[in-house]
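Data block for protein_22.cif (mmCIF, C-alpha atoms):
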data_entry
#
loop_
_atom_site.label_atom_id
_atom_site.label_comp_id
_atom_site.auth_asym_id
_atom_site.auth_seq_id
_atom_site.Cartn_x
_atom_site.Cartn_y
_atom_site.Cartn_z
CA MET A 81 128.19 75.39 94.83
CA ASP A 82 126.42 78.73 94.53
CA LYS A 83 129.12 81.35 95.15
CA PHE A 84 126.64 84.14 95.86
CA TRP A 85 129.37 86.40 97.27
CA LEU A 86 131.05 86.75 93.87
CA VAL A 87 130.34 89.85 91.79
CA THR A 88 128.06 89.13 88.82
CA LYS A 89 128.01 92.56 87.15
CA ILE A 90 130.68 94.51 85.28
CA ILE A 91 132.89 96.59 87.60
CA PRO A 92 135.14 98.98 85.59
CA ASN A 93 137.96 98.86 88.13
CA SER A 94 139.30 95.35 88.76
CA LYS A 95 140.71 96.30 92.19
CA ASN A 96 137.26 97.39 93.32
CA LYS A 97 135.83 94.06 92.19
CA GLU A 98 138.53 92.14 94.06
CA VAL A 99 137.98 93.96 97.37
CA ILE A 100 134.17 93.83 97.08
CA GLU A 101 134.39 90.04 96.82
CA GLU A 102 136.75 89.92 99.82
CA PHE A 103 134.22 91.96 101.82
CA LEU A 104 131.27 89.81 100.77
CA LEU A 105 133.15 86.63 101.59
CA SER A 106 133.89 88.03 105.06
CA LEU A 107 130.13 88.50 105.55
CA LYS A 108 129.49 84.90 104.56
CA LEU A 109 132.20 83.65 106.93
CA ALA A 110 130.60 85.75 109.69
CA ASN A 111 127.41 83.71 109.12
CA ARG A 112 125.44 86.56 107.59
CA SER A 113 122.49 85.14 105.68
CA ARG A 114 122.64 84.44 101.96
CA GLY A 115 119.90 87.03 101.40
CA THR A 116 121.83 89.71 103.28
CA VAL A 117 125.04 89.05 101.34
CA ILE A 118 123.15 89.26 98.04
CA ILE A 119 121.54 92.58 99.04
CA TYR A 120 124.99 93.97 99.87
CA ARG A 121 126.46 92.60 96.64
CA ARG A 122 123.76 94.08 94.41
CA PHE A 123 124.11 97.57 95.86
CA LEU A 124 127.91 97.54 95.72
CA GLU A 125 127.73 96.35 92.10
CA ARG A 126 125.45 99.27 91.27
CA PHE A 127 127.54 101.84 93.11
CA PHE A 128 130.94 100.77 91.77
CA TYR A 129 129.61 100.32 88.24
CA ASP A 130 129.69 104.13 88.06
CA MET A 131 133.20 104.41 89.53
CA THR A 132 136.34 104.09 87.45
CA GLU A 133 138.61 105.23 90.30
CA PRO A 134 139.82 102.71 92.88
CA PHE A 135 137.72 102.72 96.08
CA HIS A 136 140.53 104.18 98.21
CA LYS A 137 140.78 107.27 96.00
CA LEU A 138 137.08 108.16 96.03
CA THR A 139 136.45 111.35 97.99
CA ALA A 140 133.65 111.96 100.44
CA ASP A 141 132.24 114.56 98.06
CA GLN A 142 132.17 112.11 95.13
CA ILE A 143 130.32 109.53 97.21
CA LEU A 144 127.82 112.03 98.58
CA GLN A 145 127.12 113.44 95.11
CA TRP A 146 126.43 109.93 93.81
CA PHE A 147 123.90 109.34 96.59
CA LEU A 148 122.23 112.71 96.03
CA LYS A 149 121.93 111.96 92.32
CA ASN A 150 120.91 108.30 92.43
CA GLU A 151 119.15 107.86 95.77
CA ALA A 152 117.39 111.17 96.27
CA ASN A 153 113.92 109.79 95.60
CA VAL A 154 114.02 106.64 97.73
CA LYS A 155 112.51 106.36 101.20
CA GLU A 156 114.70 107.51 104.09
CA VAL A 157 114.90 104.00 105.51
CA THR A 158 116.11 102.68 102.11
CA TYR A 159 118.59 105.54 101.74
CA ARG A 160 119.98 104.79 105.21
CA MET A 161 120.22 101.07 104.50
CA ARG A 162 122.16 101.57 101.26
CA LEU A 163 124.47 104.09 102.85
CA SER A 164 125.06 101.59 105.66
CA VAL A 165 126.08 98.96 103.11
CA LEU A 166 128.76 101.25 101.68
CA SER A 167 129.81 102.31 105.18
CA SER A 168 130.23 98.64 106.17
CA PHE A 169 132.36 98.08 103.06
CA TYR A 170 134.65 100.98 103.93
CA THR A 171 134.86 99.93 107.58
CA PHE A 172 136.06 96.53 106.34
CA CYS A 173 138.65 98.28 104.14
CA VAL A 174 139.94 100.24 107.14
CA GLN A 175 140.16 97.05 109.22
CA GLU A 176 142.10 95.35 106.42
CA ARG A 177 144.36 98.43 106.20
CA TYR A 178 143.50 99.23 102.60
CA LEU A 179 143.01 102.83 103.73
CA GLU A 180 143.36 104.77 106.97
CA LYS A 181 139.93 106.35 107.31
CA SER A 182 136.45 105.79 105.91
CA PRO A 183 135.14 108.61 103.67
CA ILE A 184 131.56 107.99 104.87
CA LYS A 185 130.31 110.71 107.24
CA SER A 186 127.91 109.97 110.09
CA ARG A 187 126.03 113.23 109.41
CA TRP A 188 124.90 111.83 106.05
CA PHE A 189 122.63 109.27 107.72
CA PRO A 190 119.00 110.43 108.01
CA ARG A 191 117.40 109.86 111.39
CA VAL A 192 114.68 107.29 110.85
CA PRO A 193 112.31 106.80 113.79
CA LYS A 194 111.92 103.17 114.82
CA SER A 195 108.53 101.85 113.81
CA MET A 196 106.49 100.16 116.51
CA PRO A 197 105.89 96.43 116.07
CA LYS A 198 102.49 95.67 114.55
CA TYR A 199 100.70 92.93 116.42
CA LEU A 200 97.32 91.22 116.23
CA GLU A 201 94.52 92.10 118.63
CA LYS A 202 92.86 89.24 120.51
CA GLU A 203 89.83 89.36 118.21
CA GLU A 204 92.10 89.12 115.17
CA ILE A 205 93.99 86.17 116.68
CA ALA A 206 90.69 84.37 117.24
CA LYS A 207 89.53 85.04 113.66
CA MET A 208 92.82 83.82 112.25
CA ARG A 209 92.73 80.60 114.30
CA VAL A 210 89.19 79.89 113.17
CA GLN A 211 90.22 80.44 109.56
CA GLY A 212 93.20 78.13 110.01
CA GLU A 213 90.83 75.37 111.13
CA VAL A 214 88.79 75.52 107.93
CA THR A 215 91.73 75.53 105.49
CA SER A 216 93.84 72.45 106.27
CA LEU A 217 95.40 70.78 109.28
CA ARG A 218 98.86 71.71 108.05
CA ASN A 219 97.96 75.40 107.74
CA GLN A 220 96.35 75.34 111.17
CA VAL A 221 99.52 73.86 112.70
CA VAL A 222 101.78 76.39 110.94
CA VAL A 223 99.68 79.28 112.29
CA GLU A 224 99.52 77.83 115.81
CA PHE A 225 103.24 77.01 115.90
CA MET A 226 104.25 80.50 114.79
CA LEU A 227 101.82 82.17 117.19
CA THR A 228 103.00 80.19 120.21
CA THR A 229 106.76 80.10 119.55
CA GLY A 230 107.47 83.49 117.93
CA CYS A 231 109.72 81.76 115.39
CA ARG A 232 110.99 83.52 112.30
CA VAL A 233 109.69 82.22 108.98
CA GLY A 234 113.15 80.91 108.09
CA GLU A 235 113.28 78.93 111.34
CA VAL A 236 109.91 77.33 110.60
CA HIS A 237 111.08 76.52 107.07
CA LEU A 238 114.17 74.66 108.39
CA LEU A 239 112.35 72.79 111.18
CA ASN A 240 112.82 69.00 111.05
CA LYS A 241 110.82 66.26 112.76
CA GLU A 242 113.87 65.27 114.82
CA ASP A 243 113.92 68.81 116.27
CA LEU A 244 110.54 68.34 117.95
CA ASP A 245 110.00 67.08 121.51
CA LEU A 246 106.23 66.77 121.79
CA GLU A 247 106.34 65.39 125.32
CA ASN A 248 108.18 68.43 126.69
CA ARG A 249 106.58 70.77 124.12
CA THR A 250 109.91 72.15 122.83
CA ALA A 251 111.64 72.49 119.49
CA ARG A 252 115.22 73.16 118.46
CA VAL A 253 115.40 75.85 115.79
CA LYS A 254 118.27 77.30 113.79
CA GLY A 255 118.19 81.10 114.06
CA LYS A 256 120.29 83.94 112.70
CA GLY A 257 123.98 83.18 112.47
CA LYS A 258 123.08 79.45 112.53
CA LYS A 259 122.59 79.68 116.29
CA ILE A 260 120.56 76.83 117.76
CA ARG A 261 118.02 77.66 120.46
CA THR A 262 115.12 75.89 122.14
CA VAL A 263 111.62 77.32 121.81
CA HIS A 264 108.47 76.28 123.66
CA PHE A 265 104.92 75.76 122.44
CA THR A 266 101.53 75.22 124.04
CA GLU A 267 99.74 71.97 124.79
CA LYS A 268 97.20 72.77 122.07
CA CYS A 269 100.03 73.19 119.57
CA ALA A 270 101.58 69.87 120.69
CA VAL A 271 98.28 68.06 120.13
CA LEU A 272 97.89 69.57 116.67
CA LEU A 273 101.50 68.75 115.78
CA GLU A 274 101.08 65.11 116.82
CA LYS A 275 97.86 64.79 114.82
CA TYR A 276 99.45 66.44 111.80
CA LEU A 277 102.61 64.30 111.91
CA ASN A 278 100.53 61.12 112.10
CA LEU A 279 98.68 62.12 108.94
CA TRP A 280 101.54 63.80 107.01
CA ARG A 281 104.53 61.48 107.13
CA PRO A 282 106.47 61.72 103.86
CA ARG A 283 109.19 59.07 103.91
CA ARG A 284 111.92 61.05 102.22
CA SER A 285 111.67 64.52 103.75
CA PRO A 286 112.91 65.18 107.30
CA ALA A 287 110.96 68.46 107.28
CA VAL A 288 108.02 69.09 109.60
CA PHE A 289 106.06 71.30 107.22
CA VAL A 290 105.77 69.90 103.72
CA THR A 291 103.80 70.24 100.50
CA ARG A 292 101.35 67.59 99.32
CA MET A 293 104.21 66.19 97.25
CA GLY A 294 106.24 65.69 100.43
CA THR A 295 108.83 68.41 99.82
CA ARG A 296 109.79 71.02 102.40
CA LEU A 297 107.60 74.14 102.45
CA SER A 298 109.66 77.05 101.14
CA ILE A 299 109.84 80.40 102.91
CA ARG A 300 107.78 81.93 100.13
CA MET A 301 105.09 79.24 100.47
CA ILE A 302 104.82 79.90 104.21
CA GLN A 303 104.55 83.64 103.58
CA VAL A 304 101.75 83.09 101.06
CA LEU A 305 100.03 80.62 103.41
CA ILE A 306 99.99 83.15 106.25
CA ARG A 307 98.92 85.97 103.92
CA ASP A 308 96.00 83.93 102.60
CA VAL A 309 94.84 82.91 106.08
CA GLY A 310 94.80 86.58 107.09
CA LYS A 311 92.98 87.57 103.92
CA ASP A 312 90.33 84.86 104.30
CA ALA A 313 89.91 85.80 107.97
CA GLU A 314 89.11 89.33 106.72
CA LEU A 315 91.79 91.04 108.78
CA THR A 316 91.96 94.78 108.16
CA SER A 317 95.62 94.74 107.08
CA ARG A 318 97.88 92.30 105.27
CA LEU A 319 99.21 89.48 107.42
CA HIS A 320 102.83 88.37 107.26
CA PRO A 321 104.85 85.90 109.38
CA HIS A 322 106.78 88.57 111.30
CA ARG A 323 103.50 90.01 112.57
CA LEU A 324 102.85 86.68 114.30
CA ARG A 325 106.28 87.00 115.91
CA HIS A 326 105.40 90.50 117.15
CA THR A 327 102.08 89.17 118.44
CA PHE A 328 103.84 86.40 120.37
CA ALA A 329 106.18 88.92 122.03
CA THR A 330 103.34 91.34 122.81
CA GLU A 331 101.23 88.58 124.37
CA LEU A 332 104.12 87.61 126.65
CA LEU A 333 104.71 91.24 127.62
CA ALA A 334 101.02 91.77 128.41
CA LYS A 335 101.09 88.73 130.68
CA GLY A 336 104.02 90.14 132.66
CA ALA A 337 106.99 88.31 131.13
CA GLU A 338 110.42 89.90 131.60
CA LEU A 339 112.11 91.36 128.53
CA SER A 340 115.11 89.07 129.04
CA PHE A 341 112.84 86.02 128.83
CA ILE A 342 111.07 87.38 125.73
CA GLY A 343 114.46 88.06 124.12
CA ASP A 344 115.62 84.50 124.82
CA GLU A 345 112.46 83.04 123.29
CA LEU A 346 112.80 85.24 120.21
CA GLY A 347 116.51 84.48 119.82
CA HIS A 348 117.65 88.09 120.24
CA SER A 349 121.39 88.32 120.89
CA ASP A 350 121.01 91.89 122.16
CA ILE A 351 118.41 92.91 124.77
CA GLY A 352 118.29 96.27 123.03
CA THR A 353 116.47 94.59 120.14
CA THR A 354 113.78 93.38 122.53
CA GLN A 355 113.56 96.79 124.24
CA ILE A 356 111.19 98.15 121.59
CA TYR A 357 108.41 95.97 123.01
CA ALA A 358 108.70 97.84 126.32
CA LYS A 359 107.34 100.91 124.52
CA LEU A 360 104.11 99.16 123.60
CA PRO A 361 101.08 100.04 125.77
CA LYS A 362 99.85 97.16 127.89
CA ARG A 363 96.72 95.42 126.62
CA GLU A 364 94.89 96.29 129.84
CA ILE A 365 95.42 100.02 129.21
CA ILE A 366 94.18 99.69 125.64
CA SER A 367 91.10 97.77 126.79
CA LEU A 368 90.25 100.31 129.49
CA TYR A 369 90.68 103.19 127.07
CA ARG A 370 88.34 101.59 124.56
CA LYS A 371 85.83 100.75 127.28
CA TYR A 372 85.56 104.32 128.51
CA MET A 373 86.51 106.33 125.43
CA GLY A 374 85.23 104.12 122.62
#

When written as structure tokens, how does the structure in this file appear?
Amino acid sequence: MDKFWLVTKIIPNSKNKEVIEEFLLSLKLANRSRGTVIIYRRFLERFFYDMTEPFHKLTADQILQWFLKNEANVKEVTYRMRLSVLSSFYTFCVQERYLEKSPIKSRWFPRVPKSMPKYLEKEEIAKMRVQGEVTSLRNQVVVEFMLTTGCRVGEVHLLNKEDLDLENRTARVKGKGKKIRTVHFTEKCAVLLEKYLNLWRPRRSPAVFVTRMGTRLSIRMIQVLIRDVGKDAELTSRLHPHRLRHTFATELLAKGAELSFIGDELGHSDIGTTQIYAKLPKREIISLYRKYMG
């Protein structure tokens, strides 16, 4: 079993190593993704590699000076993320009563404006669908499924044939925190899925999307697939799976869907996460502006 929450680098202070592993294990038990736990682990390994003192004796000034020395040249969003990792570690230590108060100060966090979701215009969607048709049936289905369900790439990767209900045009997907939800897809997508499944039926794999060898498509393979479709369709910017998710949400918003419905379809546990789409200008406004202003 891959114990990805265990420290793999040298930590001078054994107590620091012990508590870091406790913290990382708590993240795993809270159903945080493997990738997230590894990101946390790698930063904590780097930070505490430079610290001989036990974590509870480090002062706020020592921590801040380390960040100013080692993280001064990174982007603000990266700086904030890494500071958040250490803050989460110290919050855990307070909760476990290893110390009374976290040394991390809220004023240290740079204010990073939330970036607006990047979505595809209707012309770009059409170009991408056409390109999907000339690559392979599998690629066409992947594109259509992601466009009409708003699924995350990891959810598409884990999708099994038994999760599909072609008659009702629904699929059960496993989202963040291993939460199961039902997503919907269009009639066109259902037709393509049925055609694809009749042609691609590897006996051993339960997966919907597979390689020519019959093994499950990895997340990286799906990312490359989507990138290549966008590139061959001559889109102006690089295409990635999450942009299809943003496009799905934006299309629903433009057609008058409520944010609560969009959030349910996307698997958002907090409506605040979906709220960013409310700031996007409606497609009608964009179209009118371009019609009259160019």

ask   = A:Thr295, A:Thr116, A:Gln145, A:Thr171: which is nearest Leu238 (chain A), counting all atoms listed in the file?
value =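 Checking each of A:Thr295, A:Thr116, A:Gln145, A:Thr171 against Leu238 (chain A), counting all atoms listed in the file, the winner is A:Thr295.
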
key: Answer as a PyMOL selection string, residues within 8 Å of (112.0, 69.0, 110.0) using all atoms listed in the file   = chain A and resi 238-243+285-289

inquiry  = Counting all atoms listed in the file, which residues have an atom no more than 10 Å from (126.7, 101.5, 92.7) in the file's coordinates? Please list them as number ranges by chain.
reply    = A: 91, 121-131, 143, 146-147, 150, 162, 166

Name the residues that the PyMOL selection byres ((chain A and resi 269-283) around 9) picks from the file above, as a CSV table (one decimal) with C-alpha atoms, keeping the file's coordinate frame, using the file's chain letters and numbers.
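Result went into expr-v7.csv, see below:
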chain,number,residue,atom,x,y,z
A,217,LEU,CA,95.4,70.8,109.3
A,218,ARG,CA,98.9,71.7,108.0
A,220,GLN,CA,96.4,75.3,111.2
A,221,VAL,CA,99.5,73.9,112.7
A,224,GLU,CA,99.5,77.8,115.8
A,225,PHE,CA,103.2,77.0,115.9
A,228,THR,CA,103.0,80.2,120.2
A,241,LYS,CA,110.8,66.3,112.8
A,245,ASP,CA,110.0,67.1,121.5
A,246,LEU,CA,106.2,66.8,121.8
A,247,GLU,CA,106.3,65.4,125.3
A,249,ARG,CA,106.6,70.8,124.1
A,250,THR,CA,109.9,72.2,122.8
A,265,PHE,CA,104.9,75.8,122.4
A,266,THR,CA,101.5,75.2,124.0
A,267,GLU,CA,99.7,72.0,124.8
A,268,LYS,CA,97.2,72.8,122.1
A,284,ARG,CA,111.9,61.0,102.2
A,285,SER,CA,111.7,64.5,103.8
A,286,PRO,CA,112.9,65.2,107.3
A,287,ALA,CA,111.0,68.5,107.3
A,288,VAL,CA,108.0,69.1,109.6
A,289,PHE,CA,106.1,71.3,107.2
A,290,VAL,CA,105.8,69.9,103.7
A,292,ARG,CA,101.4,67.6,99.3
A,293,MET,CA,104.2,66.2,97.2
A,294,GLY,CA,106.2,65.7,100.4
A,295,THR,CA,108.8,68.4,99.8

query = Can you list, as a ChimeraX atom specification, the residues that the PyMOL selection byres ((chain A and resi 94-101) around 8) selects here?
reply = /A:85-87,91-93,102-105,121,124,128,134-135,169

Please produce a file of those selected residues containing C-alpha atoms, as an mmCIF file, keeping the file's coordinate frame.
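Saved result, selection.cif, follows:
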data_model
loop_
_atom_site.group_PDB
_atom_site.id
_atom_site.type_symbol
_atom_site.label_atom_id
_atom_site.label_comp_id
_atom_site.auth_asym_id
_atom_site.auth_seq_id
_atom_site.Cartn_x
_atom_site.Cartn_y
_atom_site.Cartn_z
ATOM 1 C CA TRP A 85 129.370 86.400 97.270
ATOM 2 C CA LEU A 86 131.050 86.750 93.870
ATOM 3 C CA VAL A 87 130.340 89.850 91.790
ATOM 4 C CA ILE A 91 132.890 96.590 87.600
ATOM 5 C CA PRO A 92 135.140 98.980 85.590
ATOM 6 C CA ASN A 93 137.960 98.860 88.130
ATOM 7 C CA GLU A 102 136.750 89.920 99.820
ATOM 8 C CA PHE A 103 134.220 91.960 101.820
ATOM 9 C CA LEU A 104 131.270 89.810 100.770
ATOM 10 C CA LEU A 105 133.150 86.630 101.590
ATOM 11 C CA ARG A 121 126.460 92.600 96.640
ATOM 12 C CA LEU A 124 127.910 97.540 95.720
ATOM 13 C CA PHE A 128 130.940 100.770 91.770
ATOM 14 C CA PRO A 134 139.820 102.710 92.880
ATOM 15 C CA PHE A 135 137.720 102.720 96.080
ATOM 16 C CA PHE A 169 132.360 98.080 103.060
#

message = Can you measure CA of Lys258 (chain A) to CA of Ser113 (chain A) for me? One decimal in Å is fine.
response = 8.9 Å

key: Distance in Å - CA of Lys149 (chain A) versus CA of Phe172 (chain A)   =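 Atom-to-atom, CA of Lys149 (chain A) and CA of Phe172 (chain A) are spaced 25.2 Å apart.
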
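If you measure from each of A:Leu227, A:Ala110, A:Cys173, A:Val263 to Phe341 (chain A) using all atoms listed in the file, the closest one turns out to be A:Val263.
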
key: Straight-line distance linking CA of Gly230 (chain A) with CA of Ser340 (chain A), stated in Å to one decimal   = 14.6 Å

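Using all atoms listed in the file, the smallest distance between any of A:Ile260, A:Ala152, A:Val223, A:Leu179 and Arg307 (chain A) comes from A:Val223.
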